[in-house]
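Structure file work.txt with compact mmCIF, N, CA and C atoms:
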```txt
# COMPACT_ATOMS: atom_id res chain seq x y z
N MET A 19 -8.90 -36.06 -10.76
CA MET A 19 -8.66 -36.31 -9.35
C MET A 19 -7.33 -35.69 -8.90
N LYS A 20 -6.29 -35.82 -9.75
CA LYS A 20 -4.99 -35.25 -9.40
C LYS A 20 -5.07 -33.73 -9.31
N LYS A 21 -5.86 -33.12 -10.20
CA LYS A 21 -6.00 -31.66 -10.17
C LYS A 21 -6.68 -31.21 -8.89
N LEU A 22 -7.70 -31.95 -8.46
CA LEU A 22 -8.40 -31.62 -7.22
C LEU A 22 -7.46 -31.74 -6.03
N PHE A 23 -6.66 -32.79 -6.00
CA PHE A 23 -5.71 -33.00 -4.92
C PHE A 23 -4.68 -31.87 -4.88
N ALA A 24 -4.15 -31.49 -6.06
CA ALA A 24 -3.17 -30.40 -6.13
C ALA A 24 -3.81 -29.09 -5.68
N PHE A 25 -5.05 -28.86 -6.05
CA PHE A 25 -5.77 -27.64 -5.65
C PHE A 25 -5.93 -27.58 -4.13
N VAL A 26 -6.30 -28.68 -3.52
CA VAL A 26 -6.48 -28.74 -2.06
C VAL A 26 -5.14 -28.50 -1.36
N ILE A 27 -4.07 -29.09 -1.84
CA ILE A 27 -2.74 -28.88 -1.25
C ILE A 27 -2.33 -27.41 -1.38
N LEU A 28 -2.60 -26.81 -2.52
CA LEU A 28 -2.27 -25.40 -2.73
C LEU A 28 -3.02 -24.51 -1.73
N ILE A 29 -4.28 -24.77 -1.52
CA ILE A 29 -5.07 -23.99 -0.57
C ILE A 29 -4.53 -24.16 0.85
N LEU A 30 -4.19 -25.36 1.22
CA LEU A 30 -3.66 -25.62 2.56
C LEU A 30 -2.32 -24.92 2.77
N LEU A 31 -1.46 -24.95 1.77
CA LEU A 31 -0.17 -24.26 1.88
C LEU A 31 -0.35 -22.75 1.97
N ALA A 32 -1.24 -22.21 1.18
CA ALA A 32 -1.47 -20.76 1.20
C ALA A 32 -2.06 -20.32 2.53
N SER A 33 -2.88 -21.15 3.14
CA SER A 33 -3.49 -20.76 4.41
C SER A 33 -2.50 -20.84 5.57
N CYS A 34 -1.38 -21.54 5.38
CA CYS A 34 -0.40 -21.68 6.46
C CYS A 34 0.55 -20.49 6.54
N MET A 35 0.61 -19.65 5.51
CA MET A 35 1.51 -18.50 5.53
C MET A 35 0.94 -17.45 6.47
N SER A 36 1.78 -16.97 7.37
CA SER A 36 1.31 -15.94 8.28
C SER A 36 2.32 -14.79 8.30
N PRO A 37 1.85 -13.60 8.59
CA PRO A 37 2.74 -12.44 8.61
C PRO A 37 3.78 -12.54 9.71
N ASP A 38 4.92 -11.94 9.46
CA ASP A 38 5.97 -11.81 10.46
C ASP A 38 5.73 -10.48 11.18
N VAL A 39 5.35 -10.56 12.44
CA VAL A 39 5.04 -9.36 13.23
C VAL A 39 6.15 -9.14 14.25
N GLU A 40 6.72 -7.95 14.22
CA GLU A 40 7.74 -7.56 15.20
C GLU A 40 7.22 -6.34 15.95
N LYS A 41 7.12 -6.46 17.27
CA LYS A 41 6.62 -5.35 18.10
C LYS A 41 7.80 -4.81 18.90
N TYR A 42 8.02 -3.51 18.81
CA TYR A 42 9.16 -2.88 19.46
C TYR A 42 8.77 -1.97 20.61
N ALA A 43 7.57 -1.42 20.58
CA ALA A 43 7.13 -0.49 21.62
C ALA A 43 5.61 -0.51 21.70
N GLU A 44 5.09 0.09 22.73
CA GLU A 44 3.64 0.18 22.94
C GLU A 44 3.10 1.46 22.30
N ILE A 45 1.87 1.41 21.86
CA ILE A 45 1.18 2.58 21.34
C ILE A 45 0.64 3.39 22.52
N ASP A 46 0.85 4.70 22.51
CA ASP A 46 0.28 5.58 23.54
C ASP A 46 -1.18 5.82 23.17
N LYS A 47 -2.09 5.14 23.85
CA LYS A 47 -3.52 5.21 23.51
C LYS A 47 -4.13 6.59 23.78
N SER A 48 -3.42 7.45 24.52
CA SER A 48 -3.95 8.80 24.78
C SER A 48 -3.66 9.75 23.61
N GLN A 49 -2.82 9.32 22.65
CA GLN A 49 -2.48 10.15 21.49
C GLN A 49 -2.72 9.35 20.21
N LYS A 50 -3.98 9.13 19.88
CA LYS A 50 -4.35 8.31 18.73
C LYS A 50 -4.49 9.17 17.48
N THR A 51 -3.36 9.74 17.03
CA THR A 51 -3.33 10.49 15.79
C THR A 51 -2.25 9.88 14.91
N ILE A 52 -2.55 9.79 13.60
CA ILE A 52 -1.62 9.10 12.70
C ILE A 52 -1.66 9.71 11.31
N THR A 53 -0.50 9.83 10.67
CA THR A 53 -0.40 10.25 9.28
C THR A 53 -0.40 8.98 8.45
N VAL A 54 -1.33 8.91 7.48
CA VAL A 54 -1.51 7.72 6.66
C VAL A 54 -1.24 8.05 5.19
N PRO A 55 -0.92 7.05 4.38
CA PRO A 55 -0.74 7.32 2.95
C PRO A 55 -2.07 7.63 2.28
N PRO A 56 -2.08 8.45 1.23
CA PRO A 56 -3.34 8.76 0.55
C PRO A 56 -3.89 7.55 -0.19
N GLY A 57 -5.19 7.54 -0.40
CA GLY A 57 -5.83 6.49 -1.17
C GLY A 57 -6.46 5.41 -0.30
N SER A 58 -7.18 4.50 -0.98
CA SER A 58 -7.84 3.42 -0.24
C SER A 58 -7.74 2.08 -0.97
N SER A 59 -6.80 1.97 -1.89
CA SER A 59 -6.70 0.74 -2.66
C SER A 59 -6.00 -0.38 -1.89
N VAL A 60 -6.37 -1.58 -2.19
CA VAL A 60 -5.79 -2.84 -1.73
C VAL A 60 -5.64 -2.89 -0.21
N LEU A 61 -4.50 -2.54 0.35
CA LEU A 61 -4.27 -2.61 1.80
C LEU A 61 -4.65 -1.33 2.54
N LYS A 62 -4.49 -0.19 1.89
CA LYS A 62 -4.67 1.08 2.59
C LYS A 62 -6.10 1.27 3.10
N GLY A 63 -7.09 0.93 2.31
CA GLY A 63 -8.49 1.09 2.71
C GLY A 63 -8.85 0.30 3.96
N PRO A 64 -8.58 -1.02 3.97
CA PRO A 64 -8.89 -1.80 5.17
C PRO A 64 -8.14 -1.33 6.42
N LEU A 65 -6.89 -0.90 6.26
CA LEU A 65 -6.13 -0.41 7.42
C LEU A 65 -6.73 0.88 7.97
N LYS A 66 -7.13 1.78 7.07
CA LYS A 66 -7.76 3.04 7.50
C LYS A 66 -9.11 2.78 8.16
N LYS A 67 -9.84 1.79 7.67
CA LYS A 67 -11.11 1.44 8.29
C LYS A 67 -10.91 0.98 9.73
N ILE A 68 -9.90 0.17 9.96
CA ILE A 68 -9.58 -0.29 11.32
C ILE A 68 -9.22 0.88 12.22
N LEU A 69 -8.40 1.80 11.70
CA LEU A 69 -8.03 2.97 12.50
C LEU A 69 -9.26 3.80 12.86
N LYS A 70 -10.12 4.04 11.89
CA LYS A 70 -11.33 4.83 12.13
C LYS A 70 -12.24 4.16 13.16
N GLU A 71 -12.44 2.85 13.02
CA GLU A 71 -13.29 2.11 13.95
C GLU A 71 -12.74 2.10 15.38
N ASN A 72 -11.44 2.32 15.52
CA ASN A 72 -10.81 2.31 16.84
C ASN A 72 -10.49 3.71 17.36
N GLY A 73 -11.14 4.72 16.76
CA GLY A 73 -11.05 6.08 17.30
C GLY A 73 -9.82 6.87 16.95
N TRP A 74 -9.11 6.52 15.89
CA TRP A 74 -7.92 7.26 15.49
C TRP A 74 -8.28 8.45 14.61
N LYS A 75 -7.58 9.56 14.81
CA LYS A 75 -7.71 10.72 13.92
C LYS A 75 -6.59 10.59 12.89
N MET A 76 -6.97 10.64 11.59
CA MET A 76 -6.00 10.42 10.52
C MET A 76 -5.72 11.71 9.76
N TYR A 77 -4.47 11.86 9.37
CA TYR A 77 -4.01 12.94 8.51
C TYR A 77 -3.33 12.31 7.30
N VAL A 78 -3.50 12.91 6.14
CA VAL A 78 -2.83 12.40 4.96
C VAL A 78 -1.55 13.19 4.70
N TYR A 79 -1.58 14.46 4.98
CA TYR A 79 -0.44 15.32 4.73
C TYR A 79 0.40 15.43 5.99
N SER A 80 1.70 15.23 5.86
CA SER A 80 2.56 15.23 7.05
C SER A 80 2.87 16.62 7.56
N GLY A 81 2.72 17.62 6.74
CA GLY A 81 3.08 18.98 7.15
C GLY A 81 4.24 19.46 6.32
N PRO A 82 4.59 20.71 6.45
CA PRO A 82 5.64 21.27 5.60
C PRO A 82 7.03 20.74 5.97
N SER A 83 7.89 20.79 4.99
CA SER A 83 9.30 20.50 5.22
C SER A 83 9.95 21.81 5.66
N VAL A 84 10.74 21.75 6.70
CA VAL A 84 11.33 22.96 7.28
C VAL A 84 12.85 22.89 7.18
N THR A 85 13.44 24.01 6.79
CA THR A 85 14.90 24.12 6.79
C THR A 85 15.28 25.19 7.80
N GLU A 86 16.10 24.81 8.75
CA GLU A 86 16.56 25.74 9.78
C GLU A 86 18.08 25.71 9.83
N GLY A 87 18.66 26.77 10.33
CA GLY A 87 20.10 26.78 10.46
C GLY A 87 20.62 28.06 11.03
N THR A 88 21.91 28.12 11.13
CA THR A 88 22.58 29.32 11.63
C THR A 88 23.63 29.76 10.63
N ILE A 89 23.82 31.03 10.56
CA ILE A 89 24.84 31.59 9.67
C ILE A 89 25.94 32.16 10.55
N GLY A 90 27.11 31.81 10.24
CA GLY A 90 28.25 32.28 11.02
C GLY A 90 29.52 31.85 10.32
N GLN A 91 30.54 31.58 11.11
CA GLN A 91 31.79 31.14 10.52
C GLN A 91 31.58 29.81 9.80
N ARG A 92 30.74 28.97 10.36
CA ARG A 92 30.38 27.71 9.71
C ARG A 92 28.86 27.66 9.63
N THR A 93 28.34 27.61 8.43
CA THR A 93 26.89 27.55 8.24
C THR A 93 26.43 26.11 8.40
N ARG A 94 25.38 25.94 9.17
CA ARG A 94 24.82 24.59 9.39
C ARG A 94 23.31 24.66 9.17
N LEU A 95 22.83 23.89 8.20
CA LEU A 95 21.41 23.85 7.91
C LEU A 95 20.87 22.45 8.18
N SER A 96 19.65 22.38 8.71
CA SER A 96 18.97 21.11 8.93
C SER A 96 17.63 21.15 8.23
N ASN A 97 17.28 20.06 7.58
CA ASN A 97 16.00 19.97 6.88
C ASN A 97 15.22 18.81 7.47
N TYR A 98 13.96 19.03 7.84
CA TYR A 98 13.15 17.97 8.42
C TYR A 98 11.68 18.21 8.12
N LYS A 99 10.91 17.13 8.19
CA LYS A 99 9.46 17.23 7.99
C LYS A 99 8.79 17.49 9.33
N THR A 100 7.68 18.17 9.26
CA THR A 100 6.88 18.36 10.46
C THR A 100 5.67 17.44 10.38
N PHE A 101 5.15 17.06 11.51
CA PHE A 101 4.00 16.16 11.55
C PHE A 101 2.92 16.73 12.45
N LYS A 102 1.66 16.53 12.04
CA LYS A 102 0.52 16.91 12.86
C LYS A 102 0.11 15.76 13.77
N SER A 103 0.69 14.60 13.56
CA SER A 103 0.27 13.40 14.28
C SER A 103 1.39 12.82 15.12
N ARG A 104 1.00 11.99 16.06
CA ARG A 104 1.99 11.29 16.90
C ARG A 104 2.64 10.14 16.13
N TYR A 105 1.87 9.48 15.26
CA TYR A 105 2.37 8.29 14.57
C TYR A 105 2.30 8.46 13.05
N TYR A 106 3.08 7.63 12.37
CA TYR A 106 3.11 7.61 10.91
C TYR A 106 2.95 6.16 10.46
N LEU A 107 2.12 5.93 9.42
CA LEU A 107 1.90 4.59 8.91
C LEU A 107 2.51 4.47 7.52
N TYR A 108 3.42 3.51 7.37
CA TYR A 108 4.05 3.22 6.09
C TYR A 108 3.46 1.91 5.57
N VAL A 109 2.98 1.91 4.32
CA VAL A 109 2.37 0.73 3.73
C VAL A 109 2.96 0.50 2.34
N ALA A 110 3.53 -0.69 2.13
CA ALA A 110 4.05 -1.06 0.81
C ALA A 110 3.55 -2.46 0.48
N TYR A 111 3.20 -2.67 -0.77
CA TYR A 111 2.73 -3.99 -1.18
C TYR A 111 2.90 -4.17 -2.68
N ARG A 112 2.89 -5.42 -3.07
CA ARG A 112 2.90 -5.80 -4.48
C ARG A 112 2.09 -7.09 -4.56
N TYR A 113 1.02 -7.05 -5.31
CA TYR A 113 0.19 -8.26 -5.38
C TYR A 113 0.29 -8.94 -6.73
N TYR A 114 0.13 -10.27 -6.67
CA TYR A 114 0.28 -11.10 -7.86
C TYR A 114 -1.01 -11.79 -8.25
N ASP A 115 -1.84 -12.10 -7.28
CA ASP A 115 -2.98 -12.96 -7.55
C ASP A 115 -4.02 -12.73 -6.46
N ILE A 116 -5.06 -13.55 -6.47
CA ILE A 116 -6.05 -13.51 -5.41
C ILE A 116 -5.94 -14.80 -4.60
N CYS A 117 -6.34 -14.75 -3.34
CA CYS A 117 -6.42 -15.94 -2.51
C CYS A 117 -7.82 -16.53 -2.71
N VAL A 118 -7.89 -17.85 -2.76
CA VAL A 118 -9.16 -18.51 -3.02
C VAL A 118 -10.05 -18.47 -1.78
N VAL A 119 -9.52 -18.88 -0.65
CA VAL A 119 -10.32 -18.91 0.58
C VAL A 119 -9.53 -18.20 1.67
N PRO A 120 -9.93 -17.12 2.23
CA PRO A 120 -11.04 -16.27 1.82
C PRO A 120 -10.59 -15.37 0.68
N TYR A 121 -11.54 -14.77 -0.01
CA TYR A 121 -11.20 -13.89 -1.12
C TYR A 121 -10.38 -12.72 -0.61
N SER A 122 -9.19 -12.59 -1.14
CA SER A 122 -8.27 -11.54 -0.74
C SER A 122 -7.17 -11.47 -1.80
N ARG A 123 -6.40 -10.42 -1.81
CA ARG A 123 -5.25 -10.33 -2.70
C ARG A 123 -4.09 -11.13 -2.10
N TYR A 124 -3.21 -11.59 -2.96
CA TYR A 124 -2.05 -12.37 -2.54
C TYR A 124 -0.80 -11.67 -3.07
N GLY A 125 0.21 -11.50 -2.22
CA GLY A 125 1.45 -10.89 -2.66
C GLY A 125 2.37 -10.60 -1.48
N ASP A 126 3.33 -9.70 -1.70
CA ASP A 126 4.26 -9.26 -0.66
C ASP A 126 3.72 -7.99 -0.03
N TYR A 127 3.97 -7.80 1.25
CA TYR A 127 3.51 -6.59 1.93
C TYR A 127 4.42 -6.24 3.09
N GLU A 128 4.39 -4.96 3.44
CA GLU A 128 5.08 -4.47 4.64
C GLU A 128 4.28 -3.30 5.19
N ILE A 129 3.99 -3.37 6.48
CA ILE A 129 3.25 -2.32 7.18
C ILE A 129 4.10 -1.93 8.38
N VAL A 130 4.37 -0.64 8.53
CA VAL A 130 5.22 -0.16 9.62
C VAL A 130 4.56 1.03 10.29
N MET A 131 4.51 1.01 11.62
CA MET A 131 4.04 2.18 12.37
C MET A 131 5.26 2.79 13.08
N VAL A 132 5.43 4.11 12.87
CA VAL A 132 6.57 4.83 13.44
C VAL A 132 6.06 5.91 14.38
N ASP A 133 6.75 6.11 15.48
CA ASP A 133 6.45 7.16 16.44
C ASP A 133 7.15 8.44 15.99
N ASN A 134 6.38 9.46 15.62
CA ASN A 134 6.97 10.72 15.16
C ASN A 134 7.65 11.49 16.29
N LYS A 135 7.30 11.18 17.52
CA LYS A 135 7.89 11.89 18.67
C LYS A 135 9.36 11.55 18.84
N ASN A 136 9.71 10.27 18.67
CA ASN A 136 11.09 9.88 18.89
C ASN A 136 11.71 9.12 17.70
N GLY A 137 10.94 8.92 16.62
CA GLY A 137 11.47 8.25 15.44
C GLY A 137 11.58 6.74 15.54
N ALA A 138 11.06 6.15 16.59
CA ALA A 138 11.17 4.70 16.80
C ALA A 138 10.06 3.95 16.08
N GLU A 139 10.36 2.74 15.65
CA GLU A 139 9.33 1.87 15.10
C GLU A 139 8.51 1.30 16.25
N ILE A 140 7.21 1.29 16.09
CA ILE A 140 6.33 0.68 17.08
C ILE A 140 6.14 -0.79 16.75
N PHE A 141 5.79 -1.08 15.50
CA PHE A 141 5.70 -2.47 15.05
C PHE A 141 5.88 -2.54 13.54
N THR A 142 6.22 -3.74 13.07
CA THR A 142 6.29 -4.02 11.64
C THR A 142 5.52 -5.31 11.38
N ILE A 143 4.87 -5.34 10.24
CA ILE A 143 4.16 -6.53 9.78
C ILE A 143 4.63 -6.75 8.34
N ALA A 144 5.27 -7.88 8.08
CA ALA A 144 5.79 -8.14 6.74
C ALA A 144 5.56 -9.59 6.39
N GLY A 145 5.43 -9.85 5.10
CA GLY A 145 5.28 -11.22 4.68
C GLY A 145 4.87 -11.35 3.23
N LYS A 146 4.55 -12.58 2.90
CA LYS A 146 4.07 -12.93 1.57
C LYS A 146 2.90 -13.87 1.79
N GLY A 147 1.76 -13.50 1.26
CA GLY A 147 0.57 -14.32 1.43
C GLY A 147 -0.68 -13.50 1.20
N CYS A 148 -1.78 -13.95 1.78
CA CYS A 148 -3.05 -13.26 1.65
C CYS A 148 -3.03 -11.97 2.46
N PHE A 149 -3.43 -10.87 1.84
CA PHE A 149 -3.42 -9.58 2.53
C PHE A 149 -4.38 -9.55 3.71
N LYS A 150 -5.41 -10.39 3.67
CA LYS A 150 -6.36 -10.45 4.77
C LYS A 150 -5.65 -10.78 6.08
N ASP A 151 -4.64 -11.64 6.02
CA ASP A 151 -3.87 -11.99 7.21
C ASP A 151 -3.09 -10.79 7.76
N ALA A 152 -2.56 -9.97 6.86
CA ALA A 152 -1.84 -8.77 7.28
C ALA A 152 -2.79 -7.78 7.95
N VAL A 153 -3.99 -7.64 7.39
CA VAL A 153 -4.99 -6.72 7.96
C VAL A 153 -5.40 -7.20 9.35
N GLU A 154 -5.60 -8.49 9.52
CA GLU A 154 -5.96 -9.04 10.84
C GLU A 154 -4.84 -8.82 11.85
N SER A 155 -3.60 -8.98 11.43
CA SER A 155 -2.45 -8.73 12.33
C SER A 155 -2.37 -7.26 12.71
N PHE A 156 -2.65 -6.38 11.75
CA PHE A 156 -2.66 -4.95 12.03
C PHE A 156 -3.71 -4.61 13.07
N GLU A 157 -4.89 -5.18 12.91
CA GLU A 157 -5.98 -4.92 13.87
C GLU A 157 -5.59 -5.38 15.27
N LYS A 158 -4.93 -6.49 15.39
CA LYS A 158 -4.48 -6.98 16.71
C LYS A 158 -3.50 -5.99 17.34
N GLN A 159 -2.59 -5.44 16.53
CA GLN A 159 -1.61 -4.48 17.05
C GLN A 159 -2.29 -3.18 17.49
N ILE A 160 -3.25 -2.72 16.72
CA ILE A 160 -3.95 -1.46 17.04
C ILE A 160 -4.78 -1.61 18.31
N LYS A 161 -5.44 -2.75 18.45
CA LYS A 161 -6.28 -2.98 19.63
C LYS A 161 -5.45 -3.32 20.87
N GLY A 162 -4.22 -3.74 20.67
CA GLY A 162 -3.35 -4.06 21.81
C GLY A 162 -3.59 -5.43 22.26
```
How does the structure come out when it is put into structure tokens?
Amino acid sequence: MKKLFAFVILILLASCMSPDVEKYAEIDKSQKTITVPPGSSVLKGPLKKILKENGWKMYVYSGPSVTEGTIGQRTRLSNYKTFKSRYYLYVAYRYYDICVVPYSRYGDYEIVMVDNKNGAEIFTIAGKGCFKDAVESFEKQIKG
């Protein structure tokens, strides 16, 4: 009986964890292009599925790195990446276990969308808990 009670409390506590979402700017819906990380494991696959279902064009490769500069009395060189997309998606996670209800991975995560036009963050989603909650928060941000 004590084990059942502890199990129920654990499930209730795990379900109460929610992602920390910070929104800094609006997404320009007329330019739905984004550079995404390669692969489809754990968080990346579900996030890419949401982008595809909402009409986003995805790129995996950001483009070449460019070095420009001037030669003169003082040489000044600048190195920067080029992008084919308006936005960039950064995804980091570390999982420890699975969530019981609903079935999902459990761990730490951070999802960040950056505007390549001006370098500003559009939104961040970070937390510790079931990854399904992070995916749902991402979908809300993409849909507006």
CA of Pro55 (chain A) and CA of Val118 (chain A) are how many Å apart?
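It comes out at 27.8 Å.
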Would you mind reading off the distance between atom N of Tyr79 (chain A) and CA of Phe149 (chain A), one decimal, in Å?
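Atom N of Tyr79 (chain A) sits 24.2 Å away from CA of Phe149 (chain A).
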How many Å lie between atom N of Pro37 (chain A) and CA of Ser58 (chain A), rounded to one decimal?
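Atom-to-atom, atom N of Pro37 (chain A) and CA of Ser58 (chain A) are spaced 21.5 Å apart.
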Tell me which protein, DNA and RNA residues are within 12 Å of Val39 (chain A), counting only C-alpha atoms, leaving out same-chain ones fewer than 4 positions away, and put them as a PyMOL selection string.
chain A and resi 127-131+140-145+151-159
Smallest atom-to-atom distance to Leu61 (chain A): which of A:Glu44, A:Asn136, A:Ala110, A:Cys117, using all atoms listed in the file?
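Among the listed residues, the smallest separation from Leu61 (chain A) belongs to A:Ala110.
Backbone DSSP assigns helix (DSSP H, G or I) in region 59-91 of chain A to A:Lys62, A:Gly63, A:Pro64, A:Leu65, A:Lys66, A:Lys67, A:Ile68, A:Leu69, A:Lys70, A:Glu71.
Contact shell of region 48-54 of chain A at 6 Å (only N, CA and C atoms; same-chain neighbours under 4 positions omitted): Gly73, Trp74, Lys75, Met76, Tyr77, Val78, Ser103, Arg104, Tyr105, Tyr106 and Leu107 of chain A.
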Using only C-alpha atoms, which of A:Lys150, A:Lys161, A:Gly87, A:Arg94 sits nearest Lys62 (chain A)?
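The shortest atom-to-atom distance to Lys62 (chain A) comes from A:Lys150.
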